[in-house]
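> The structure's right below; bear with me while I get my questions together.
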Amino acid sequence: MKRIQTIVCLVVTLFAARAVAQDIEGEKLTLTLPQAVDRALENYPAIAIQQDAVKRAQGLKTTAGIFPNPTLTYYREDLSFNDTDVGEWILSGGLPLHFLWTRWSKVAAAGQQVEAERFFLADVRRQITFEVQKAYVETYFAEKNLQAWQKATAVFDRAAEAGRARFADGDLSGYDQQRIALEQLRYQKVAAEARVTLNNSRRQLAFLVNPEQDDVLVHTTDDFQTPTPELTEQNLLDSALENRPDLQAASATLRSKRAYLTANKWQALPEVSAVAGYKKQVDDFKGSVFQVNVSIPIFDRNQGQIKTARAELDQQILETGLLERKIAMEVKQAFETVRLYRRQVEQFLQMESESPDEFLETALFAYREGEMSLLELLDGVRAYSESFQTRNDLRRQYLLSIFALENATATRLLDF
């Protein structure tokens, strides 16, 4: 038994040392959840990347709306034969005319693409907000769980001290004393694992808040709002279909594809250009000249581009419809999850009549005084650990379900 105890002690000690070594070192910063979200929206590179995508789309729109440059041509002939000079010169300017029936649809397509990129930017903000909310909640409850496991471990530290005194007085067997030591090591192992979980959550939160300063320790606060408005699935779905930026981006892309198809159909018409100028010959004949060039679309009627544009439009129609159905599923799932966890949280709070910390102190005092057996102490600490795990996990899941519902509807529940 002593050999097993020594091995377990060595393993737990190494595990705890590794967990402590992984603990985050750096500047400490306390942020509320809204402050963490604001900093992430200000610093996270994904937003700057999408802003550049908006600028690129704006550049393409500018290009689509530019009028074609005119062409200036100078032509001259100087000929001679048997001392007879002939020749002429022509100065003319030309301008393509077919842009008159293709420009407007190209500008419309590019303009809708700019709108789509702006909606994608809003969607990036929505997703980052949800990721920060999730990381913030995970960090907060990871810290709460670590504190609770440390309290449970401290109970066994003091129980081991009391056990040695009772063993010296003959009130405790050697088996009970070794059992306390093993439970102490087990709870130390769980506390070390909780420390690793907290470190990972803090690292993720710090990276989201500012990837360039991810060594800053972000401390959380208990400032969560849990709105409980009267919600209906249909109201939530209507809000999602109206406010989801990814669906708005898909609709704008659909309009852009439709305008792009129209532009390609107009491009099937002949290309036309007009040239006007002035001509003067050596014999002093002079006057204006005019020329019209019309291409004959015998072979190339832009069939390939029209077919490609129509396929892209059909694809976008299917993707937009699929996204609408996906949003409806997300809203339904999030709504049902919120209702489920809300009922469980309310039931659990009604059942909790005594503070778990007070219950733990009472159990330890009773064991010290010999009024409680070792088995009863172990059962009490186990009941404490199950209590705080259930409480923290329910609250965590309830808050995450609220944020998931807000993310699915792209609307704060307080606004309903």
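We name chains A, B, ... following the order of the structure tokens; residues begin at 1 in each chain, and ligands are numbered from 1 as shown.
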With a distance cut-off of 8 Å and only C-alpha atoms, select the neighbouring residues of Ala110 (chain A), excluding the residue or stretch itself and same-chain residues fewer than 6 positions from it, and output the selection as a PDB file with C-alpha atoms, in the first residue's frame.

ATOM      1  CA  ALA A  57     -14.863  45.526 -54.082  1.00  0.00           C
ATOM      2  CA  GLN A  58     -15.125  49.311 -54.082  1.00  0.00           C
ATOM      3  CA  LEU A  60     -13.826  46.991 -58.811  1.00  0.00           C
ATOM      4  CA  LYS A  61     -16.985  49.102 -58.728  1.00  0.00           C
ATOM      5  CA  ALA A  64     -16.803  49.136 -63.771  1.00  0.00           C
ATOM      6  CA  SER A 256     -24.857  40.856 -58.021  1.00  0.00           C
TER       7      SER A 256
END
> As a ChimeraX atom specification, list the residues of region 214-396 of chain A assigned to helix (DSSP H, G or I) by DSSP on the backbone atoms of this structure.
/A:233-243,245-266,303-351,356-368,374-396
> For CA of Thr232 (chain A) and CA of Ser251 (chain A), determine how far apart the two atoms are, in Å to one decimal place.
25.4 Å
> Just want the 12 Å neighbourhood of Ala36 (chain A), counted on only C-alpha atoms, with same-chain residues fewer than 4 positions away dropped. Output as a list of chain:residue names.
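Using only C-alpha atoms, the neighbours found are A:Leu29, A:Thr30, A:Leu31, A:Thr32, A:Ala40, A:Leu41, A:Glu42, A:Asn43, A:Tyr44, A:Ile128, A:Thr129, A:Phe130, A:Glu131, A:Val132, A:Gln133, A:Lys134, A:Ala135, A:Tyr136, A:Val137, A:Leu205, A:Ala206, A:Phe207, A:Leu208, A:Val209, A:Asn210, A:Val218, A:His219, A:Thr220, A:Thr221.
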> Would you save the residues of that selection, restricted to N, CA, C and O atoms, as a compact mmCIF listing (two decimals), in the first residue's frame?

# COMPACT_ATOMS: atom_id res chain seq x y z
N LEU A 29 -5.01 42.08 -16.57
CA LEU A 29 -5.98 43.05 -17.07
C LEU A 29 -7.37 42.54 -16.77
O LEU A 29 -7.74 41.44 -17.19
N THR A 30 -8.14 43.31 -16.02
CA THR A 30 -9.52 42.94 -15.70
C THR A 30 -10.46 43.63 -16.68
O THR A 30 -10.45 44.85 -16.81
N LEU A 31 -11.26 42.83 -17.37
CA LEU A 31 -12.20 43.34 -18.36
C LEU A 31 -13.59 42.76 -18.11
O LEU A 31 -13.71 41.58 -17.76
N THR A 32 -14.60 43.61 -18.28
CA THR A 32 -15.96 43.08 -18.31
C THR A 32 -16.18 42.44 -19.68
O THR A 32 -15.39 42.62 -20.61
N ALA A 40 -11.75 43.17 -28.79
CA ALA A 40 -11.57 42.19 -29.86
C ALA A 40 -12.01 42.78 -31.20
O ALA A 40 -11.33 42.59 -32.22
N LEU A 41 -13.12 43.50 -31.21
CA LEU A 41 -13.60 44.11 -32.45
C LEU A 41 -12.65 45.19 -32.94
O LEU A 41 -12.62 45.52 -34.13
N GLU A 42 -11.87 45.74 -32.03
CA GLU A 42 -10.91 46.78 -32.40
C GLU A 42 -9.58 46.20 -32.87
O GLU A 42 -8.93 46.76 -33.75
N ASN A 43 -9.20 45.04 -32.32
CA ASN A 43 -7.83 44.54 -32.53
C ASN A 43 -7.73 43.29 -33.39
O ASN A 43 -6.65 43.02 -33.93
N TYR A 44 -8.81 42.50 -33.51
CA TYR A 44 -8.66 41.21 -34.17
C TYR A 44 -8.45 41.39 -35.66
O TYR A 44 -9.20 42.10 -36.33
N ILE A 128 -16.95 37.04 -34.28
CA ILE A 128 -15.93 37.36 -33.28
C ILE A 128 -16.58 37.66 -31.93
O ILE A 128 -16.09 37.24 -30.87
N THR A 129 -17.70 38.37 -31.95
CA THR A 129 -18.42 38.66 -30.70
C THR A 129 -18.80 37.38 -29.99
O THR A 129 -18.60 37.23 -28.78
N PHE A 130 -19.32 36.41 -30.73
CA PHE A 130 -19.72 35.15 -30.13
C PHE A 130 -18.52 34.38 -29.60
O PHE A 130 -18.58 33.78 -28.51
N GLU A 131 -17.43 34.37 -30.34
CA GLU A 131 -16.24 33.66 -29.90
C GLU A 131 -15.68 34.27 -28.61
O GLU A 131 -15.23 33.55 -27.71
N VAL A 132 -15.70 35.60 -28.51
CA VAL A 132 -15.23 36.25 -27.29
C VAL A 132 -16.16 35.94 -26.13
O VAL A 132 -15.71 35.66 -25.01
N GLN A 133 -17.46 36.00 -26.36
CA GLN A 133 -18.43 35.66 -25.31
C GLN A 133 -18.20 34.23 -24.81
O GLN A 133 -18.20 33.98 -23.59
N LYS A 134 -18.01 33.32 -25.73
CA LYS A 134 -17.78 31.93 -25.36
C LYS A 134 -16.50 31.77 -24.57
O LYS A 134 -16.47 31.11 -23.51
N ALA A 135 -15.39 32.38 -25.06
CA ALA A 135 -14.11 32.27 -24.35
C ALA A 135 -14.18 32.94 -22.98
O ALA A 135 -13.57 32.45 -22.02
N TYR A 136 -14.90 34.05 -22.88
CA TYR A 136 -15.02 34.77 -21.62
C TYR A 136 -15.75 33.91 -20.58
O TYR A 136 -15.32 33.78 -19.43
N VAL A 137 -16.87 33.32 -21.00
CA VAL A 137 -17.64 32.46 -20.08
C VAL A 137 -16.82 31.24 -19.67
O VAL A 137 -16.81 30.85 -18.49
N LEU A 205 -8.82 33.53 -24.71
CA LEU A 205 -9.48 34.83 -24.55
C LEU A 205 -8.51 35.96 -24.84
O LEU A 205 -8.86 36.94 -25.52
N ALA A 206 -7.28 35.85 -24.34
CA ALA A 206 -6.29 36.90 -24.57
C ALA A 206 -5.97 37.02 -26.06
O ALA A 206 -5.79 38.12 -26.58
N PHE A 207 -5.92 35.90 -26.76
CA PHE A 207 -5.64 35.93 -28.20
C PHE A 207 -6.76 36.62 -28.96
O PHE A 207 -6.51 37.38 -29.91
N LEU A 208 -8.00 36.38 -28.56
CA LEU A 208 -9.12 37.01 -29.24
C LEU A 208 -9.17 38.51 -28.95
O LEU A 208 -9.47 39.31 -29.84
N VAL A 209 -8.86 38.89 -27.71
CA VAL A 209 -8.91 40.31 -27.34
C VAL A 209 -7.84 41.10 -28.08
O VAL A 209 -8.10 42.19 -28.59
N ASN A 210 -6.63 40.54 -28.16
CA ASN A 210 -5.56 41.21 -28.90
C ASN A 210 -4.48 40.17 -29.22
O ASN A 210 -3.66 39.84 -28.35
N VAL A 218 -6.12 38.08 -18.89
CA VAL A 218 -7.43 38.72 -18.85
C VAL A 218 -8.22 38.09 -17.71
O VAL A 218 -8.50 36.89 -17.71
N HIS A 219 -8.57 38.93 -16.72
CA HIS A 219 -9.40 38.47 -15.60
C HIS A 219 -10.84 38.85 -15.87
O HIS A 219 -11.14 39.95 -16.35
N THR A 220 -11.73 37.94 -15.54
CA THR A 220 -13.15 38.12 -15.85
C THR A 220 -13.91 38.58 -14.62
O THR A 220 -13.43 38.50 -13.48
N THR A 221 -15.11 39.08 -14.86
CA THR A 221 -16.00 39.52 -13.78
C THR A 221 -17.37 38.90 -13.98
O THR A 221 -17.74 38.52 -15.10
> What residues in region 36-87 of chain A get the DSSP label strand (DSSP E or B)? Please answer as an NGL selection string.
:A and (71-81 or 84-87)
> Emit the selected residues as a PDB file, in the first residue's frame, including N, CA and C atoms.

ATOM      1  N   THR A  71      -9.863  57.595 -78.386  1.00  0.00           N
ATOM      2  CA  THR A  71      -8.649  57.309 -79.143  1.00  0.00           C
ATOM      3  C   THR A  71      -8.387  58.454 -80.121  1.00  0.00           C
ATOM      4  N   LEU A  72      -7.209  59.028 -80.079  1.00  0.00           N
ATOM      5  CA  LEU A  72      -6.808  60.095 -80.996  1.00  0.00           C
ATOM      6  C   LEU A  72      -5.849  59.522 -82.033  1.00  0.00           C
ATOM      7  N   THR A  73      -6.170  59.732 -83.325  1.00  0.00           N
ATOM      8  CA  THR A  73      -5.387  59.139 -84.412  1.00  0.00           C
ATOM      9  C   THR A  73      -4.935  60.227 -85.381  1.00  0.00           C
ATOM     10  N   TYR A  74      -3.687  60.145 -85.741  1.00  0.00           N
ATOM     11  CA  TYR A  74      -3.152  61.038 -86.787  1.00  0.00           C
ATOM     12  C   TYR A  74      -2.598  60.170 -87.904  1.00  0.00           C
ATOM     13  N   TYR A  75      -3.043  60.441 -89.144  1.00  0.00           N
ATOM     14  CA  TYR A  75      -2.638  59.637 -90.300  1.00  0.00           C
ATOM     15  C   TYR A  75      -2.142  60.578 -91.388  1.00  0.00           C
ATOM     16  N   ARG A  76      -1.008  60.229 -92.044  1.00  0.00           N
ATOM     17  CA  ARG A  76      -0.431  61.113 -93.069  1.00  0.00           C
ATOM     18  C   ARG A  76       0.150  60.274 -94.210  1.00  0.00           C
ATOM     19  N   GLU A  77      -0.040  60.768 -95.449  1.00  0.00           N
ATOM     20  CA  GLU A  77       0.536  60.166 -96.655  1.00  0.00           C
ATOM     21  C   GLU A  77       1.301  61.232 -97.433  1.00  0.00           C
ATOM     22  N   ASP A  78       2.533  60.914 -97.816  1.00  0.00           N
ATOM     23  CA  ASP A  78       3.351  61.775 -98.684  1.00  0.00           C
ATOM     24  C   ASP A  78       3.873  60.908 -99.833  1.00  0.00           C
ATOM     25  N   LEU A  79       3.253  61.025-101.025  1.00  0.00           N
ATOM     26  CA  LEU A  79       3.608  60.192-102.171  1.00  0.00           C
ATOM     27  C   LEU A  79       4.066  61.077-103.338  1.00  0.00           C
ATOM     28  N   SER A  80       4.918  60.519-104.184  1.00  0.00           N
ATOM     29  CA  SER A  80       5.391  61.269-105.361  1.00  0.00           C
ATOM     30  C   SER A  80       5.607  60.312-106.528  1.00  0.00           C
ATOM     31  N   PHE A  81       5.396  60.837-107.781  1.00  0.00           N
ATOM     32  CA  PHE A  81       5.601  60.039-108.984  1.00  0.00           C
ATOM     33  C   PHE A  81       5.824  60.988-110.152  1.00  0.00           C
ATOM     34  N   THR A  84       5.505  64.454-109.456  1.00  0.00           N
ATOM     35  CA  THR A  84       4.149  64.821-109.023  1.00  0.00           C
ATOM     36  C   THR A  84       3.963  64.368-107.570  1.00  0.00           C
ATOM     37  N   ASP A  85       3.626  65.285-106.702  1.00  0.00           N
ATOM     38  CA  ASP A  85       3.432  64.969-105.273  1.00  0.00           C
ATOM     39  C   ASP A  85       1.941  64.836-104.965  1.00  0.00           C
ATOM     40  N   VAL A  86       1.630  63.775-104.266  1.00  0.00           N
ATOM     41  CA  VAL A  86       0.261  63.571-103.771  1.00  0.00           C
ATOM     42  C   VAL A  86       0.349  63.152-102.308  1.00  0.00           C
ATOM     43  N   GLY A  87      -0.733  63.292-101.630  1.00  0.00           N
ATOM     44  CA  GLY A  87      -0.763  62.887-100.225  1.00  0.00           C
ATOM     45  C   GLY A  87      -1.910  63.531 -99.471  1.00  0.00           C
TER      46      GLY A  87
END
> Record the distance separating CA of Ala268 (chain A) and CA of Asp314 (chain A), expressed in Å with one decimal.
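Going from CA of Ala268 (chain A) over to CA of Asp314 (chain A) covers 20.3 Å.
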> List as a VMD selection string the protein and nucleic acid residues near Gly277 (chain A), meaning an atom at most 7 Å away when only C-alpha atoms are counted, but skip any in the same chain fewer than 5 places from it.
chain A and resid 90 to 93 288 to 290
> Kindly export the residues of the current selection with N, CA and C atoms, as a compact mmCIF listing (two decimals), in the first residue's frame.

# COMPACT_ATOMS: atom_id res chain seq x y z
N ILE A 90 -4.84 63.06 -91.95
CA ILE A 90 -6.14 62.95 -91.26
C ILE A 90 -5.89 63.00 -89.74
N LEU A 91 -6.62 63.82 -89.07
CA LEU A 91 -6.62 63.87 -87.60
C LEU A 91 -8.03 63.51 -87.13
N SER A 92 -8.14 62.44 -86.34
CA SER A 92 -9.48 61.96 -85.94
C SER A 92 -9.46 61.49 -84.49
N GLY A 93 -10.67 61.43 -83.93
CA GLY A 93 -10.86 60.90 -82.58
C GLY A 93 -11.96 59.86 -82.58
N SER A 288 -14.39 67.26 -93.25
CA SER A 288 -14.57 66.33 -92.13
C SER A 288 -14.75 64.91 -92.63
N VAL A 289 -14.35 63.97 -91.75
CA VAL A 289 -14.53 62.55 -92.05
C VAL A 289 -15.25 61.91 -90.87
N PHE A 290 -15.99 60.87 -91.16
CA PHE A 290 -16.73 60.17 -90.11
C PHE A 290 -16.72 58.68 -90.43
> Of the candidates A:Leu400, A:Ala309, A:Leu241, A:Val272, which one gets nearest to Gly321 (chain A) if we count only C-alpha atoms?
A:Leu241
